[in-house]
Structures are given as C-alpha cells and as structure tokens.
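Participant: Just upload18.tsv, nothing more (TSV, C-alpha atoms and all ligand atoms):
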```tsv
chain	number	residue	atom	x	y	z
A	2	MET	CA	57.23	-37.89	1.85
A	3	HIS	CA	59.71	-36.04	4.04
A	4	ASN	CA	60.16	-37.82	7.37
A	5	ASP	CA	58.76	-34.88	9.39
A	6	GLU	CA	55.49	-34.97	7.43
A	7	LYS	CA	54.74	-38.56	8.38
A	8	PRO	CA	52.13	-38.96	11.18
A	9	LEU	CA	53.83	-38.94	14.55
A	10	VAL	CA	52.95	-42.56	15.21
A	11	ILE	CA	55.37	-45.20	16.43
A	12	ALA	CA	54.00	-48.55	15.24
A	13	ILE	CA	54.84	-51.62	17.32
A	14	ASP	CA	53.77	-54.90	15.74
A	15	GLY	CA	54.55	-58.55	16.36
A	16	PRO	CA	53.11	-61.94	17.26
A	17	ALA	CA	51.21	-62.88	20.44
A	18	ALA	CA	52.97	-62.11	23.72
A	19	SER	CA	56.08	-60.75	22.05
A	20	GLY	CA	56.32	-57.93	24.61
A	21	LYS	CA	54.67	-55.24	22.50
A	22	SER	CA	52.44	-53.78	25.20
A	23	THR	CA	55.15	-53.60	27.86
A	24	LEU	CA	57.62	-52.01	25.47
A	25	ALA	CA	55.05	-49.57	24.09
A	26	GLU	CA	53.89	-48.45	27.51
A	27	ARG	CA	57.49	-47.79	28.65
A	28	LEU	CA	58.36	-46.08	25.40
A	29	ALA	CA	55.29	-43.84	25.61
A	30	ARG	CA	56.15	-42.89	29.17
A	31	ARG	CA	59.77	-42.11	28.20
A	32	LEU	CA	58.70	-39.91	25.26
A	33	GLY	CA	55.62	-38.36	26.89
A	34	PHE	CA	53.47	-39.96	24.17
A	35	PHE	CA	50.05	-41.61	24.33
A	36	TYR	CA	49.94	-45.39	24.41
A	37	PHE	CA	47.26	-47.22	22.47
A	38	ASP	CA	46.92	-51.01	22.29
A	39	THR	CA	44.67	-51.85	19.32
A	40	GLY	CA	44.42	-55.50	20.42
A	41	VAL	CA	41.94	-54.48	23.14
A	42	MET	CA	39.48	-53.43	20.42
A	43	TYR	CA	39.52	-56.87	18.77
A	44	ARG	CA	39.30	-58.48	22.20
A	45	ALA	CA	36.34	-56.27	23.25
A	46	ALA	CA	34.48	-57.00	20.00
A	47	THR	CA	35.08	-60.72	20.60
A	48	LEU	CA	33.79	-60.51	24.18
A	49	ALA	CA	30.69	-58.64	22.99
A	50	ALA	CA	30.00	-61.36	20.40
A	51	LEU	CA	30.46	-64.16	22.95
A	52	GLU	CA	28.06	-62.44	25.34
A	53	ASP	CA	25.41	-61.14	22.94
A	54	LEU	CA	25.52	-63.65	20.10
A	55	ASP	CA	26.54	-66.82	21.91
A	56	GLY	CA	29.41	-67.35	19.51
A	57	VAL	CA	31.50	-65.73	16.78
A	58	GLU	CA	30.62	-67.86	13.72
A	59	ASP	CA	28.07	-65.51	12.15
A	60	GLU	CA	30.31	-63.01	10.34
A	61	GLU	CA	27.52	-60.58	9.47
A	62	ALA	CA	26.14	-60.53	13.02
A	63	VAL	CA	29.62	-60.05	14.53
A	64	THR	CA	30.32	-57.21	12.08
A	65	ASN	CA	27.03	-55.45	12.87
A	66	LEU	CA	27.65	-55.83	16.57
A	67	THR	CA	31.18	-54.39	16.20
A	68	GLU	CA	29.69	-51.35	14.49
A	69	ALA	CA	27.23	-50.87	17.37
A	70	ILE	CA	29.50	-51.23	20.42
A	71	ARG	CA	31.46	-48.48	22.15
A	72	ILE	CA	35.01	-49.32	23.18
A	73	ASP	CA	36.89	-46.82	25.34
A	74	VAL	CA	40.28	-46.86	26.99
A	75	GLN	CA	41.20	-44.61	29.86
A	76	PRO	CA	43.90	-44.29	32.54
A	77	PRO	CA	43.82	-47.07	35.16
A	78	SER	CA	41.19	-46.58	37.89
A	79	ILE	CA	42.42	-49.52	40.02
A	80	GLU	CA	45.97	-50.56	40.92
A	81	ASP	CA	45.80	-54.25	40.05
A	82	GLY	CA	48.51	-54.52	37.43
A	83	ARG	CA	46.46	-53.05	34.59
A	84	ILE	CA	48.06	-50.53	32.23
A	85	MET	CA	44.70	-48.97	31.43
A	86	ASP	CA	40.96	-49.46	31.87
A	87	VAL	CA	39.14	-51.00	28.91
A	88	LEU	CA	35.43	-50.18	28.77
A	89	LEU	CA	32.86	-51.97	26.63
A	90	ASN	CA	29.68	-49.87	26.42
A	91	GLY	CA	30.80	-48.17	29.62
A	92	GLU	CA	31.46	-51.40	31.55
A	93	ASP	CA	34.95	-52.28	32.85
A	94	VAL	CA	36.10	-55.38	30.90
A	95	THR	CA	39.86	-54.96	31.43
A	96	TRP	CA	40.37	-58.55	32.63
A	97	GLU	CA	37.36	-60.20	30.96
A	98	ILE	CA	39.00	-59.62	27.58
A	99	ARG	CA	42.05	-61.68	28.70
A	100	THR	CA	40.27	-64.98	29.45
A	101	PRO	CA	41.09	-68.22	27.57
A	102	ARG	CA	37.63	-68.01	25.94
A	103	VAL	CA	38.43	-64.63	24.37
A	104	ASP	CA	41.95	-65.86	23.47
A	105	ARG	CA	40.37	-68.78	21.58
A	106	ASN	CA	37.91	-66.65	19.63
A	107	VAL	CA	39.73	-63.38	18.99
A	108	SER	CA	41.73	-64.48	15.93
A	109	PRO	CA	38.67	-65.76	14.02
A	110	VAL	CA	36.87	-62.46	14.76
A	111	SER	CA	39.94	-60.45	13.69
A	112	ALA	CA	39.98	-62.26	10.37
A	113	TYR	CA	36.56	-60.80	9.40
A	114	GLN	CA	36.99	-58.08	6.80
A	115	GLY	CA	34.10	-55.93	8.08
A	116	VAL	CA	35.35	-56.04	11.66
A	117	ARG	CA	38.81	-54.94	10.50
A	118	ARG	CA	37.37	-52.12	8.39
A	119	ILE	CA	35.40	-50.72	11.34
A	120	LEU	CA	38.18	-51.00	13.91
A	121	THR	CA	40.93	-49.82	11.55
A	122	GLU	CA	38.95	-46.65	10.88
A	123	ARG	CA	38.52	-45.99	14.62
A	124	GLN	CA	42.22	-46.65	15.19
A	125	ARG	CA	43.21	-44.16	12.48
A	126	GLU	CA	41.04	-41.45	14.06
A	127	ILE	CA	42.78	-41.98	17.39
A	128	GLY	CA	46.27	-42.23	15.85
A	129	LEU	CA	45.89	-39.00	13.91
A	130	ARG	CA	45.85	-37.11	17.21
A	131	GLY	CA	49.62	-37.69	17.01
A	132	ASN	CA	52.32	-38.39	19.62
A	133	MET	CA	51.08	-41.95	19.70
A	134	VAL	CA	52.73	-45.31	20.34
A	135	MET	CA	50.37	-47.83	18.72
A	136	VAL	CA	50.50	-51.57	19.27
A	137	GLY	CA	49.01	-54.30	17.07
A	138	ARG	CA	49.56	-56.69	14.19
A	139	ASP	CA	49.01	-54.40	11.19
A	140	ILE	CA	49.82	-50.89	12.39
A	141	GLY	CA	52.92	-50.49	10.20
A	142	THR	CA	51.41	-52.33	7.22
A	143	VAL	CA	47.77	-51.20	7.09
A	144	VAL	CA	46.60	-48.81	9.81
A	145	PHE	CA	49.52	-46.37	9.47
A	146	PRO	CA	51.72	-47.41	6.54
A	147	ASP	CA	53.20	-43.87	6.79
A	148	ALA	CA	54.02	-44.13	10.50
A	149	ARG	CA	57.19	-42.20	11.37
A	150	TYR	CA	58.73	-45.30	13.02
A	151	LYS	CA	57.97	-49.00	12.73
A	152	ILE	CA	59.19	-51.66	15.12
A	153	TYR	CA	58.47	-55.38	14.77
A	154	LEU	CA	59.17	-57.59	17.79
A	155	GLU	CA	60.08	-61.25	17.55
A	156	ALA	CA	60.84	-64.07	20.01
A	157	SER	CA	60.45	-67.84	19.95
A	158	PRO	CA	56.98	-69.25	20.84
A	159	GLU	CA	58.47	-70.92	23.94
A	160	GLU	CA	59.93	-67.66	25.27
A	161	ARG	CA	56.64	-65.87	24.61
A	162	ALA	CA	54.66	-68.61	26.38
A	163	ARG	CA	57.00	-68.37	29.41
A	164	ARG	CA	56.44	-64.60	29.61
A	165	ARG	CA	52.66	-64.92	29.32
A	166	LEU	CA	52.62	-67.67	31.98
A	167	LYS	CA	54.47	-65.33	34.36
A	168	GLU	CA	51.84	-62.61	33.77
A	169	PHE	CA	48.99	-65.02	34.57
A	170	LEU	CA	50.74	-66.29	37.71
A	171	CYS	CA	51.28	-62.68	38.87
A	172	ARG	CA	47.52	-62.15	38.59
A	173	GLY	CA	46.89	-65.34	40.58
A	174	GLU	CA	45.48	-67.29	37.61
A	175	THR	CA	46.41	-70.92	37.06
A	176	ARG	CA	47.30	-71.81	33.48
A	177	THR	CA	49.77	-74.36	32.19
A	178	PHE	CA	52.76	-73.60	29.98
A	179	GLU	CA	51.54	-76.13	27.39
A	180	ASP	CA	48.04	-74.57	27.14
A	181	ILE	CA	49.48	-71.10	26.69
A	182	LEU	CA	51.99	-72.29	24.08
A	183	GLN	CA	49.24	-74.02	22.06
A	184	SER	CA	47.01	-70.94	22.25
A	185	ILE	CA	49.85	-68.67	21.07
A	186	LEU	CA	50.75	-70.99	18.16
A	187	ARG	CA	47.13	-71.22	17.09
A	188	ARG	CA	46.61	-67.45	17.18
A	189	ASP	CA	49.89	-66.79	15.34
A	190	GLY	CA	48.81	-69.27	12.66
A	191	ILE	CA	45.43	-67.62	12.04
A	192	ASP	CA	46.82	-64.06	12.31
A	193	SER	CA	49.65	-64.74	9.85
A	194	ASN	CA	47.58	-66.59	7.26
A	195	ARG	CA	44.40	-64.51	7.16
A	196	LYS	CA	43.47	-62.77	3.92
A	197	TYR	CA	43.08	-59.23	5.27
A	198	ALA	CA	45.95	-57.45	7.04
A	199	PRO	CA	47.93	-60.58	7.95
A	200	LEU	CA	50.62	-60.37	10.62
A	201	LYS	CA	53.95	-59.62	8.92
A	202	PRO	CA	56.67	-56.98	9.28
A	203	ALA	CA	56.30	-53.89	7.09
A	204	PRO	CA	59.15	-53.81	4.53
A	205	ASP	CA	60.58	-50.73	6.28
A	206	ALA	CA	60.14	-51.98	9.88
A	207	VAL	CA	63.08	-52.40	12.25
A	208	ILE	CA	62.97	-56.01	13.43
A	209	ILE	CA	64.03	-56.56	17.03
A	210	ASP	CA	64.63	-60.07	18.33
A	211	THR	CA	63.73	-59.91	22.03
A	212	GLU	CA	64.78	-63.49	22.88
A	213	GLY	CA	66.57	-63.52	26.23
A	214	LYS	CA	66.57	-59.72	26.48
A	215	THR	CA	65.21	-57.68	29.38
A	216	ILE	CA	62.56	-55.05	28.78
A	217	GLU	CA	65.18	-52.36	29.51
A	218	GLU	CA	67.46	-53.77	26.78
A	219	VAL	CA	64.60	-53.85	24.26
A	220	LEU	CA	63.60	-50.30	25.22
A	221	GLU	CA	67.14	-49.00	24.73
A	222	GLU	CA	67.47	-50.83	21.40
A	223	THR	CA	64.17	-49.29	20.25
A	224	LEU	CA	65.19	-45.80	21.38
A	225	SER	CA	68.45	-46.11	19.43
A	226	HIS	CA	66.34	-46.06	16.24
A	227	ILE	CA	64.30	-43.01	17.27
A	228	ASP	CA	65.30	-39.38	16.78
A	229	PRO	CA	66.36	-38.12	20.26
A	230	SER	CA	64.69	-34.73	19.66
A	231	LEU	CA	61.29	-36.48	19.79
A	232	LYS	CA	61.66	-36.61	23.56
A	233	ASN	CA	60.95	-32.88	23.67
A	234	GLN	CA	57.77	-33.06	21.64
A	235	GLY	CA	55.63	-35.15	23.96
A	301	LIG	O1	48.65	-59.30	23.79
A	301	LIG	P1	48.66	-60.33	22.69
A	301	LIG	O2	49.86	-60.19	21.82
A	301	LIG	O3	48.45	-61.72	23.17
A	301	LIG	O4	47.38	-60.07	21.77
A	301	LIG	P2	46.65	-58.71	21.41
A	301	LIG	O5	47.63	-57.70	20.92
A	301	LIG	O6	45.78	-58.33	22.55
A	301	LIG	O7	45.75	-59.13	20.15
A	301	LIG	C1	44.73	-60.10	20.25
A	301	LIG	C2	44.34	-60.53	18.85
A	301	LIG	O8	43.72	-59.43	18.18
A	301	LIG	C3	45.46	-60.98	17.94
A	301	LIG	O9	45.76	-62.36	18.09
A	301	LIG	C4	44.90	-60.66	16.55
A	301	LIG	O10	44.06	-61.69	16.10
A	301	LIG	C5	44.04	-59.44	16.80
A	301	LIG	N1	44.66	-58.15	16.42
A	301	LIG	C6	44.68	-57.82	15.09
A	301	LIG	O11	44.25	-58.59	14.24
A	301	LIG	N2	45.15	-56.60	14.69
A	301	LIG	C7	45.63	-55.72	15.59
A	301	LIG	N3	46.06	-54.53	15.17
A	301	LIG	C8	45.65	-56.07	16.97
A	301	LIG	C9	45.18	-57.30	17.35
```
Let's see the structure in the file written out as structure tokens.
Ligand code: CDP

Facilitator:
Amino acid sequence: MHNDEKPLVIAIDGPAASGKSTLAERLARRLGFFYFDTGVMYRAATLAALEDLDGVEDEEAVTNLTEAIRIDVQPPSIEDGRIMDVLLNGEDVTWEIRTPRVDRNVSPVSAYQGVRRILTERQREIGLRGNMVMVGRDIGTVVFPDARYKIYLEASPEERARRRLKEFLCRGETRTFEDILQSILRRDGIDSNRKYAPLKPAPDAVIIDTEGKTIEEVLEETLSHIDPSLKNQG
C-alpha cells in the first residue's frame, strides 16, 4: 500500500507508564490531530465490572457488561490536571479509573478475548475518522496494523515507576515507589504474555528509548520520524 493510502493514524504503544499519553497529547496538539487513549476503555470496562459484578473473574459476565456499557471521552470540563473527561454511562469516572483497584484488575480484564474484540472494534471506528494519535498496547500490531506511523516507547521499570509516583504526588495521592513498581511489573507481565494482542512492538515500529529524556526531547525525536507536511493537515 502506498504510504498516503494508509489510515492517518499515529500509533503510540508501549508498557505501563512509559510516557505514551503525555507524548501523544503533545504530539496531537502540535499536529492539530485528535488524541485518543484506548487504555481508558479497558480501565472503564474494569471499573464497571468491579462496581456491577463485584469482581472480574467471570469472563462471560465481564464481556457482556463491556458490550452494554457506554464509554465516552470529551474535552476536559475541570482544570484538575486531566487531559480529558472519561465518562462511563454518562458519569465522570476520569479519576476513578486510575485507582490501585482498577490498576490491579485491568490487565486480567484486557486479556479476555471478547472484551478485546468489542473494544478493538469501537477503537477502529473512532480511528477511521483520521488525523488521530492513538495510544495503547496493540494499536500498531492489531487495531491499526496499517497505521501511517508507529512509535513504541520504552524505559526501565524503575524510571517508569518514578514518573508515575510523581503524577500521583501531584494529584495529592500517597503511594509508595515500591507499590507502583510492583504494579507496573505485574501489569507488564500479564500484558506481554497474554494470548490475544500481547504487548510487543510492531515489526515496522520506531522504537524510542525514553530513559532519562525530557518530554520535549521525546517529542522532537518522534517528530523527526514524521512527514513535516502533516502539520498542515490537522
Ligand atoms: O497509562 P498506563 O500505561 O499505566 O496504562 P493504560 O494505557 O491506561 O492501560 C491500562 C491497561 O489496559 C494496560 O495495562 C493493558 O492491560 C490494557 N490495554 C490494552 O490491553 N490494550 C490497549 N490498547 C490499551 C490498554
């Protein structure tokens, strides 16, 4: 396929807390593109299961619930550090989907084949609108294997845990470095080893090691791989 015929999606994948969302949001702003974080869908489905089913063990029940819920994202309505509002059946769950309880349960839910089928389909519908920076684990491999650009971010677990700790402290939440590190390692383990759409770089992804780099440096490195004329299309 000629490059121009590929969907105008920039796929940003990578492990937990590798800086995907921050990079993608900046990149989208720079290009005048939409920003879409697919992780919020898995997190919202997990929250729904924890609230309505009292747990995430029943795969069939979690899958049926995922089919039934409405997940919307919209521009931020409150200035409290959020990049966007996340709504679950119309209710603001922007911060509820970031609790340790959701962190603990989201990878098992994301490993369910039916859940992935439902959410992947919804993500494709949104992505096909074009001019989209999409963030996740499987955007370049499964959701949009024909994405025009694919970036895969990497950094050591310790660096990622330090960054996540800083985010929690900024929001006034107390968490320890060790707890965050363990949670990240556990999620990475499940996400990388699951049967369906495991976390891994697409063969044609540009791999960027973000260790010790500022967000500006990572942004510039990413932009160096992207056709400058795209800036006029957003
Ligand atoms: O922000 P962080 O990197 O910590 O996680 P996230 O992007 O919000 O994703 C939360 C979880 O959702 C991941 O650990 C994966 O289990 C799952 N996920 C996925 O399986 N596929 C995606 N495209 C996005 C997220």

Participant: What do you get as a count of residues only if you pick all residues at most 8 Å from ligand LIG 301 (chain A), counting all atoms listed in the file?

Facilitator: 40

Participant: Each side padded by 8 Å, which centre and which edge lengths in Å (one decimal) define the axis-aligned box around the listed atoms of range 68-80 of chain A? Give them as AutoDock Vina command-line options.

Facilitator:
```
--center_x 36.6 --center_y -47.8 --center_z 27.7 --size_x 34.7 --size_y 23.1 --size_z 42.4
```

Participant: Compare A:Ser230, A:Thr142, A:Thr23, A:Thr67 by their minimum atom-to-atom distance to Asp205 in chain A, counting all atoms listed in the file, and give me the closest one.

Facilitator: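 When distances to Asp205 in chain A are compared using all atoms listed in the file, the smallest one comes from A:Thr142.
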
Participant: Residues proximal to (35.6, -59.1, 3.4) were defined as those with any atom within 12 Å of that point in the file's coordinates, counting only C-alpha atoms. Which are they, as a list in words?

Facilitator: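 Result, sorted by chain then residue number: Glu60, Glu61, Thr64, Val110, Ser111, Ala112, Tyr113, Gln114, Gly115, Val116, Arg117, Arg118, Ile119, Arg195, Lys196, Tyr197 and Ala198 of chain A.
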
Participant: For CA of Asp210 in chain A and CA of Leu154 in chain A, quote the distance in Å rounded to one decimal.

Facilitator: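 Spanning CA of Asp210 in chain A to CA of Leu154 in chain A is a straight-line distance of 6.0 Å.
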
Participant: Mind pulling up the distance from CA of Asp53 in chain A to CA of Leu88 in chain A?

Facilitator: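 Distance reported for this atom pair: 16.0 Å.
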
Participant: Pick out the closest residue to Leu129 in chain A from this set: A:Val94, A:Ala148, A:Ala203, A:Ala49. Count all atoms listed in the file.

Facilitator: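 Distance minimum relative to Leu129 in chain A lands on A:Ala148.
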
Participant: From the set A:Asp93, A:Glu80, A:Ala62, A:Pro8, which residue has the shortest atom-to-atom contact distance to Ala45 in chain A, counting all atoms listed in the file?

Facilitator: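 The shortest atom-to-atom distance to Ala45 in chain A comes from A:Asp93.
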
Participant: Between CA of Asn106 in chain A and CA of Thr211 in chain A, what is the distance, to one decimal in Å?

Facilitator: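 Going from CA of Asn106 in chain A over to CA of Thr211 in chain A covers 26.8 Å.
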
Participant: Of the candidates A:Lys151, A:Lys201, A:Arg123, A:Arg83, which one gets nearest to His226 in chain A if we count only C-alpha atoms?

Facilitator: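 The shortest atom-to-atom distance to His226 in chain A comes from A:Lys151.
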
Participant: Extract, using all atoms listed in the file, all DNA, RNA and protein residues at most 8 Å from range 158-171 of chain A, discarding same-chain residues fewer than 2 positions from it, and format them as a list in words.

Facilitator: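 In the requested form, the answer reads Ala17, Ala18, Ser19, Gly20, Ala156, Gly173, Glu174, Thr175, Arg176, Thr177, Phe178, Ile181, Leu182, Ile185, Leu186, Glu212 and Gly213 of chain A.
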
Participant: Of the candidates A:Ser193, A:Asn65, A:Asn132, A:Gln124, which one gets nearest to Ala50 in chain A if we count all atoms listed in the file?

Facilitator: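 The closest residue to Ala50 in chain A is A:Asn65.
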
Participant: Taking all atoms listed in the file into account, name the residue in A:Glu122, A:Glu26, A:Glu218, A:Asp147 that is nearest to Ile84 in chain A.

Facilitator: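 Nearest candidate to Ile84 in chain A out of A:Glu122, A:Glu26, A:Glu218, A:Asp147: A:Glu26.
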
Participant: Please identify all polymer residues within 8 Å of Phe37 in chain A, counting all atoms listed in the file, omitting same-chain residues fewer than 3 positions from it, and present them as a ChimeraX atom specification.

Facilitator: /A:133-136

Participant: Residues as selected, C-alpha atoms, written as a compact mmCIF listing (two decimals), in the coordinates of the input, can you do that?

Facilitator:
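As a result, out-v6.txt now contains:
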```txt
# COMPACT_ATOMS: atom_id res chain seq x y z
CA MET A 133 51.08 -41.95 19.70
CA VAL A 134 52.73 -45.31 20.34
CA MET A 135 50.37 -47.83 18.72
CA VAL A 136 50.50 -51.57 19.27
```
